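Written below as structure tokens is the structure these notes are about.
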Amino acid sequence: MKKKVNFKLAEILVALLVLLVLGICVSQGNSNFADFNKVVEAKHVKGDLGKFTVPKKMRGTWYGKYFDINGIKAKKINKIKITAHTIAGSPLHKQEANFKGTKIPKAARNWSRTYYPVKFKKDKGIKYISMYPWVSPALSGESLGLYHYKGHKVLIDRTTSSFRITNVYWKTRKLAKKYGGHKPKELKRYGEW
């Protein structure tokens, strides 16, 4: 009986000793043990004003059929997924207005520089989200804006180079099959500032 008590006491003492040693090592910053209080902050990207939040009405998965300038329509339905801070998987960030960068930082390689609201003349007051590469010498990107067409909420997709409509996205695949490749006649083919 005395051996069992001494053995249990020895186990308890070893456990306490291990806890004491771990506590001392962690409090002294020994790199061999995890420091759970350490906060790792991401490096700030020059010109970044933070994440852009997409309006709730635009979020979700949308379906459409691309068409080009000559009216040729794609046969395949494509989709675009929009979350609170991404469009098609690309993180959206606001950028300083006077940013003069020429090299894309590693952290911003897949970011989109985002502007909202962007409006075009004679475009029925649509508020577009315009997205460009983080550093882009040319206006190469796209603009997405909500509109009502054929009794449904749709996303109008315009290029940012010529501002022409390249897609109308619908909330369901069924609607995209039925109306995909058609654009509202009342909207200008080319947007005008």
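Identifiers in this document derive from the order of the structure tokens: chains are assigned A, B, ..., residues are numbered from 1 separately in each chain, and ligands are numbered from 1 in order of occurrence.
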Point to revise | alpha helix (DSSP H) positions in region 115-182 of chain A, given as a ChimeraX atom specification | key: /A:173-179
Could you take the residues named above and write them with N, CA, C and O atoms, as a PDB file, in the first residue's frame?
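Result saved to out_37.pdb:
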ATOM      1  N   ARG A 173     -29.350  28.985 -62.882  1.00  0.00           N
ATOM      2  CA  ARG A 173     -28.896  28.380 -64.141  1.00  0.00           C
ATOM      3  C   ARG A 173     -30.065  28.316 -65.142  1.00  0.00           C
ATOM      4  O   ARG A 173     -29.887  28.516 -66.338  1.00  0.00           O
ATOM      5  N   LYS A 174     -31.268  28.054 -64.636  1.00  0.00           N
ATOM      6  CA  LYS A 174     -32.464  27.945 -65.488  1.00  0.00           C
ATOM      7  C   LYS A 174     -32.740  29.269 -66.208  1.00  0.00           C
ATOM      8  O   LYS A 174     -33.018  29.287 -67.410  1.00  0.00           O
ATOM      9  N   LEU A 175     -32.656  30.379 -65.480  1.00  0.00           N
ATOM     10  CA  LEU A 175     -32.866  31.695 -66.096  1.00  0.00           C
ATOM     11  C   LEU A 175     -31.755  32.011 -67.101  1.00  0.00           C
ATOM     12  O   LEU A 175     -32.018  32.585 -68.158  1.00  0.00           O
ATOM     13  N   ALA A 176     -30.529  31.607 -66.779  1.00  0.00           N
ATOM     14  CA  ALA A 176     -29.405  31.838 -67.701  1.00  0.00           C
ATOM     15  C   ALA A 176     -29.599  31.044 -68.992  1.00  0.00           C
ATOM     16  O   ALA A 176     -29.269  31.532 -70.075  1.00  0.00           O
ATOM     17  N   LYS A 177     -30.136  29.818 -68.902  1.00  0.00           N
ATOM     18  CA  LYS A 177     -30.415  29.019 -70.107  1.00  0.00           C
ATOM     19  C   LYS A 177     -31.480  29.697 -70.958  1.00  0.00           C
ATOM     20  O   LYS A 177     -31.385  29.737 -72.180  1.00  0.00           O
ATOM     21  N   LYS A 178     -32.493  30.229 -70.308  1.00  0.00           N
ATOM     22  CA  LYS A 178     -33.615  30.851 -71.019  1.00  0.00           C
ATOM     23  C   LYS A 178     -33.235  32.200 -71.641  1.00  0.00           C
ATOM     24  O   LYS A 178     -33.546  32.467 -72.797  1.00  0.00           O
ATOM     25  N   TYR A 179     -32.558  33.062 -70.859  1.00  0.00           N
ATOM     26  CA  TYR A 179     -32.286  34.428 -71.313  1.00  0.00           C
ATOM     27  C   TYR A 179     -30.812  34.721 -71.593  1.00  0.00           C
ATOM     28  O   TYR A 179     -30.488  35.819 -72.058  1.00  0.00           O
TER      29      TYR A 179
END
Revision key, fill the gap. The distance between CA of Lys122 (chain A) and CA of Tyr149 (chain A) is 16.0 Å
Practice item. Between CA of Phe67 (chain A) and CA of Ile165 (chain A), measure the distance and give it in Å to one decimal. Key: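 A separation of 8.4 Å between them.
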Exercise for review: Any chance you could list, as a PyMOL selection string, the residues in region 77-127 of chain A that come up strand (DSSP E or B) when DSSP is run on the backbone?
Suggested key: chain A and resi 78-82+86-87+90-95+112-118+121
Can you spit out the residues from that selection as a PDB file, in the first residue's frame, using N, CA, C and O atoms?
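Written out: part.pdb:
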ATOM      1  N   ASN A  78     -21.650  30.027 -67.952  1.00  0.00           N
ATOM      2  CA  ASN A  78     -20.566  30.224 -66.995  1.00  0.00           C
ATOM      3  C   ASN A  78     -21.148  30.796 -65.713  1.00  0.00           C
ATOM      4  O   ASN A  78     -22.274  31.276 -65.696  1.00  0.00           O
ATOM      5  N   LYS A  79     -20.390  30.702 -64.633  1.00  0.00           N
ATOM      6  CA  LYS A  79     -20.877  31.250 -63.368  1.00  0.00           C
ATOM      7  C   LYS A  79     -19.807  32.090 -62.714  1.00  0.00           C
ATOM      8  O   LYS A  79     -18.617  31.948 -62.989  1.00  0.00           O
ATOM      9  N   ILE A  80     -20.271  32.981 -61.853  1.00  0.00           N
ATOM     10  CA  ILE A  80     -19.384  33.842 -61.093  1.00  0.00           C
ATOM     11  C   ILE A  80     -19.876  33.833 -59.653  1.00  0.00           C
ATOM     12  O   ILE A  80     -21.068  33.977 -59.396  1.00  0.00           O
ATOM     13  N   LYS A  81     -18.950  33.615 -58.724  1.00  0.00           N
ATOM     14  CA  LYS A  81     -19.296  33.586 -57.307  1.00  0.00           C
ATOM     15  C   LYS A  81     -18.807  34.867 -56.654  1.00  0.00           C
ATOM     16  O   LYS A  81     -17.648  35.250 -56.813  1.00  0.00           O
ATOM     17  N   ILE A  82     -19.720  35.503 -55.910  1.00  0.00           N
ATOM     18  CA  ILE A  82     -19.414  36.764 -55.246  1.00  0.00           C
ATOM     19  C   ILE A  82     -19.654  36.597 -53.747  1.00  0.00           C
ATOM     20  O   ILE A  82     -20.736  36.191 -53.331  1.00  0.00           O
ATOM     21  N   THR A  86     -14.812  39.036 -52.051  1.00  0.00           N
ATOM     22  CA  THR A  86     -14.195  38.496 -53.263  1.00  0.00           C
ATOM     23  C   THR A  86     -15.194  38.453 -54.410  1.00  0.00           C
ATOM     24  O   THR A  86     -16.389  38.328 -54.204  1.00  0.00           O
ATOM     25  N   ILE A  87     -14.659  38.539 -55.614  1.00  0.00           N
ATOM     26  CA  ILE A  87     -15.433  38.293 -56.831  1.00  0.00           C
ATOM     27  C   ILE A  87     -14.605  37.339 -57.667  1.00  0.00           C
ATOM     28  O   ILE A  87     -13.436  37.614 -57.956  1.00  0.00           O
ATOM     29  N   SER A  90     -11.111  36.502 -56.441  1.00  0.00           N
ATOM     30  CA  SER A  90     -10.130  37.576 -56.329  1.00  0.00           C
ATOM     31  C   SER A  90     -10.479  38.497 -55.154  1.00  0.00           C
ATOM     32  O   SER A  90     -11.559  39.098 -55.149  1.00  0.00           O
ATOM     33  N   PRO A  91      -9.583  38.624 -54.159  1.00  0.00           N
ATOM     34  CA  PRO A  91      -9.851  39.521 -53.034  1.00  0.00           C
ATOM     35  C   PRO A  91      -9.945  40.977 -53.497  1.00  0.00           C
ATOM     36  O   PRO A  91      -9.154  41.429 -54.322  1.00  0.00           O
ATOM     37  N   LEU A  92     -10.934  41.680 -52.975  1.00  0.00           N
ATOM     38  CA  LEU A  92     -11.182  43.070 -53.364  1.00  0.00           C
ATOM     39  C   LEU A  92     -10.613  44.014 -52.313  1.00  0.00           C
ATOM     40  O   LEU A  92     -10.887  43.867 -51.129  1.00  0.00           O
ATOM     41  N   HIS A  93      -9.826  44.996 -52.767  1.00  0.00           N
ATOM     42  CA  HIS A  93      -9.227  45.982 -51.864  1.00  0.00           C
ATOM     43  C   HIS A  93      -9.403  47.383 -52.437  1.00  0.00           C
ATOM     44  O   HIS A  93      -9.435  47.577 -53.647  1.00  0.00           O
ATOM     45  N   LYS A  94      -9.509  48.350 -51.530  1.00  0.00           N
ATOM     46  CA  LYS A  94      -9.527  49.757 -51.930  1.00  0.00           C
ATOM     47  C   LYS A  94      -8.077  50.227 -52.002  1.00  0.00           C
ATOM     48  O   LYS A  94      -7.231  49.755 -51.258  1.00  0.00           O
ATOM     49  N   GLN A  95      -7.817  51.150 -52.906  1.00  0.00           N
ATOM     50  CA  GLN A  95      -6.458  51.636 -53.099  1.00  0.00           C
ATOM     51  C   GLN A  95      -6.432  53.152 -52.985  1.00  0.00           C
ATOM     52  O   GLN A  95      -7.385  53.824 -53.394  1.00  0.00           O
ATOM     53  N   SER A 112      -7.776  42.613 -56.469  1.00  0.00           N
ATOM     54  CA  SER A 112      -8.370  43.538 -57.430  1.00  0.00           C
ATOM     55  C   SER A 112      -8.502  44.899 -56.754  1.00  0.00           C
ATOM     56  O   SER A 112      -8.997  44.997 -55.640  1.00  0.00           O
ATOM     57  N   ARG A 113      -8.066  45.908 -57.459  1.00  0.00           N
ATOM     58  CA  ARG A 113      -8.243  47.291 -57.008  1.00  0.00           C
ATOM     59  C   ARG A 113      -9.688  47.636 -57.335  1.00  0.00           C
ATOM     60  O   ARG A 113     -10.136  47.515 -58.482  1.00  0.00           O
ATOM     61  N   THR A 114     -10.452  48.066 -56.345  1.00  0.00           N
ATOM     62  CA  THR A 114     -11.899  48.181 -56.487  1.00  0.00           C
ATOM     63  C   THR A 114     -12.389  49.602 -56.266  1.00  0.00           C
ATOM     64  O   THR A 114     -11.936  50.280 -55.343  1.00  0.00           O
ATOM     65  N   TYR A 115     -13.330  50.021 -57.110  1.00  0.00           N
ATOM     66  CA  TYR A 115     -13.972  51.329 -56.982  1.00  0.00           C
ATOM     67  C   TYR A 115     -15.478  51.122 -56.977  1.00  0.00           C
ATOM     68  O   TYR A 115     -16.016  50.340 -57.770  1.00  0.00           O
ATOM     69  N   TYR A 116     -16.189  51.852 -56.098  1.00  0.00           N
ATOM     70  CA  TYR A 116     -17.648  51.756 -56.011  1.00  0.00           C
ATOM     71  C   TYR A 116     -18.172  53.026 -55.365  1.00  0.00           C
ATOM     72  O   TYR A 116     -17.568  53.510 -54.426  1.00  0.00           O
ATOM     73  N   PRO A 117     -19.271  53.585 -55.782  1.00  0.00           N
ATOM     74  CA  PRO A 117     -20.009  53.248 -57.002  1.00  0.00           C
ATOM     75  C   PRO A 117     -19.438  53.958 -58.220  1.00  0.00           C
ATOM     76  O   PRO A 117     -19.013  55.105 -58.137  1.00  0.00           O
ATOM     77  N   VAL A 118     -19.428  53.261 -59.333  1.00  0.00           N
ATOM     78  CA  VAL A 118     -19.033  53.834 -60.617  1.00  0.00           C
ATOM     79  C   VAL A 118     -20.293  53.896 -61.467  1.00  0.00           C
ATOM     80  O   VAL A 118     -21.022  52.912 -61.563  1.00  0.00           O
ATOM     81  N   LYS A 121     -22.914  57.413 -67.984  1.00  0.00           N
ATOM     82  CA  LYS A 121     -24.005  58.240 -68.514  1.00  0.00           C
ATOM     83  C   LYS A 121     -25.009  57.354 -69.238  1.00  0.00           C
ATOM     84  O   LYS A 121     -24.644  56.375 -69.870  1.00  0.00           O
TER      85      LYS A 121
END
Point to revise | Point-to-point distance in Å for CA of Tyr169 (chain A) and CA of Val154 (chain A) | key: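 Calculated distance between CA of Val154 (chain A) and CA of Tyr169 (chain A) is 5.5 Å.
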Exercise for review: Tell me which protein, DNA and RNA residues are within 9 Å of Ile126 (chain A), counting only C-alpha atoms, leaving out same-chain ones fewer than 6 positions away, and put them as a PyMOL selection string.
Suggested key: chain A and resi 117-120+145-147+156
Filtering to all heavy atoms, could you give me those residues as a compact mmCIF listing (two decimals), in the first residue's frame?
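Below is the file that was written, again_14.txt:
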# COMPACT_ATOMS: atom_id res chain seq x y z
N PRO A 117 -19.27 53.59 -55.78
CA PRO A 117 -20.01 53.25 -57.00
C PRO A 117 -19.44 53.96 -58.22
O PRO A 117 -19.01 55.11 -58.14
CB PRO A 117 -21.41 53.76 -56.70
CG PRO A 117 -21.20 54.95 -55.79
CD PRO A 117 -19.95 54.62 -54.99
N VAL A 118 -19.43 53.26 -59.33
CA VAL A 118 -19.03 53.83 -60.62
C VAL A 118 -20.29 53.90 -61.47
O VAL A 118 -21.02 52.91 -61.56
CB VAL A 118 -17.95 52.96 -61.30
CG1 VAL A 118 -17.65 53.48 -62.70
CG2 VAL A 118 -16.69 52.92 -60.46
N LYS A 119 -20.56 55.06 -62.06
CA LYS A 119 -21.76 55.22 -62.89
C LYS A 119 -21.36 55.66 -64.29
O LYS A 119 -20.36 56.35 -64.47
CB LYS A 119 -22.70 56.26 -62.28
CG LYS A 119 -23.33 55.83 -60.98
CD LYS A 119 -24.33 56.87 -60.53
CE LYS A 119 -25.03 56.44 -59.27
NZ LYS A 119 -26.06 57.39 -58.86
N PHE A 120 -22.15 55.21 -65.27
CA PHE A 120 -21.95 55.61 -66.66
C PHE A 120 -23.15 56.43 -67.11
O PHE A 120 -24.28 56.18 -66.69
CB PHE A 120 -21.80 54.38 -67.56
CG PHE A 120 -20.66 53.48 -67.16
CD1 PHE A 120 -20.89 52.25 -66.59
CD2 PHE A 120 -19.34 53.88 -67.36
CE1 PHE A 120 -19.85 51.43 -66.21
CE2 PHE A 120 -18.29 53.07 -66.98
CZ PHE A 120 -18.54 51.83 -66.42
N GLY A 145 -22.69 45.51 -62.20
CA GLY A 145 -23.72 46.33 -61.58
C GLY A 145 -25.08 45.67 -61.62
O GLY A 145 -25.41 44.96 -62.57
N LEU A 146 -25.89 45.90 -60.58
CA LEU A 146 -27.23 45.32 -60.49
C LEU A 146 -28.22 46.10 -61.36
O LEU A 146 -28.18 47.32 -61.43
CB LEU A 146 -27.73 45.36 -59.05
CG LEU A 146 -27.22 44.28 -58.12
CD1 LEU A 146 -27.75 44.52 -56.70
CD2 LEU A 146 -27.63 42.90 -58.59
N TYR A 147 -29.15 45.34 -61.96
CA TYR A 147 -30.17 45.92 -62.82
C TYR A 147 -31.38 45.00 -62.82
O TYR A 147 -31.25 43.80 -62.52
CB TYR A 147 -29.60 46.09 -64.25
CG TYR A 147 -30.49 46.85 -65.19
CD1 TYR A 147 -30.77 48.19 -64.98
CD2 TYR A 147 -31.03 46.23 -66.30
CE1 TYR A 147 -31.57 48.89 -65.85
CE2 TYR A 147 -31.84 46.93 -67.18
CZ TYR A 147 -32.11 48.27 -66.95
OH TYR A 147 -32.91 48.97 -67.81
N ILE A 156 -25.12 43.18 -64.63
CA ILE A 156 -24.58 43.61 -65.93
C ILE A 156 -23.06 43.61 -65.80
O ILE A 156 -22.51 44.18 -64.87
CB ILE A 156 -25.09 45.02 -66.30
CG1 ILE A 156 -26.62 45.09 -66.32
CG2 ILE A 156 -24.49 45.48 -67.63
CD1 ILE A 156 -27.29 44.23 -67.38
Check your understanding: Quick one: of A:Lys57, A:Lys153, A:Lys76, A:Lys46, who's nearest to Thr102 (chain A), counting only C-alpha atoms?
Key ->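 The closest residue to Thr102 (chain A) is A:Lys46.
Among the candidates A:Ala97, A:Ala108, A:His152, A:Thr160, the one nearest to Pro184 (chain A) when counting only C-alpha atoms is A:His152.
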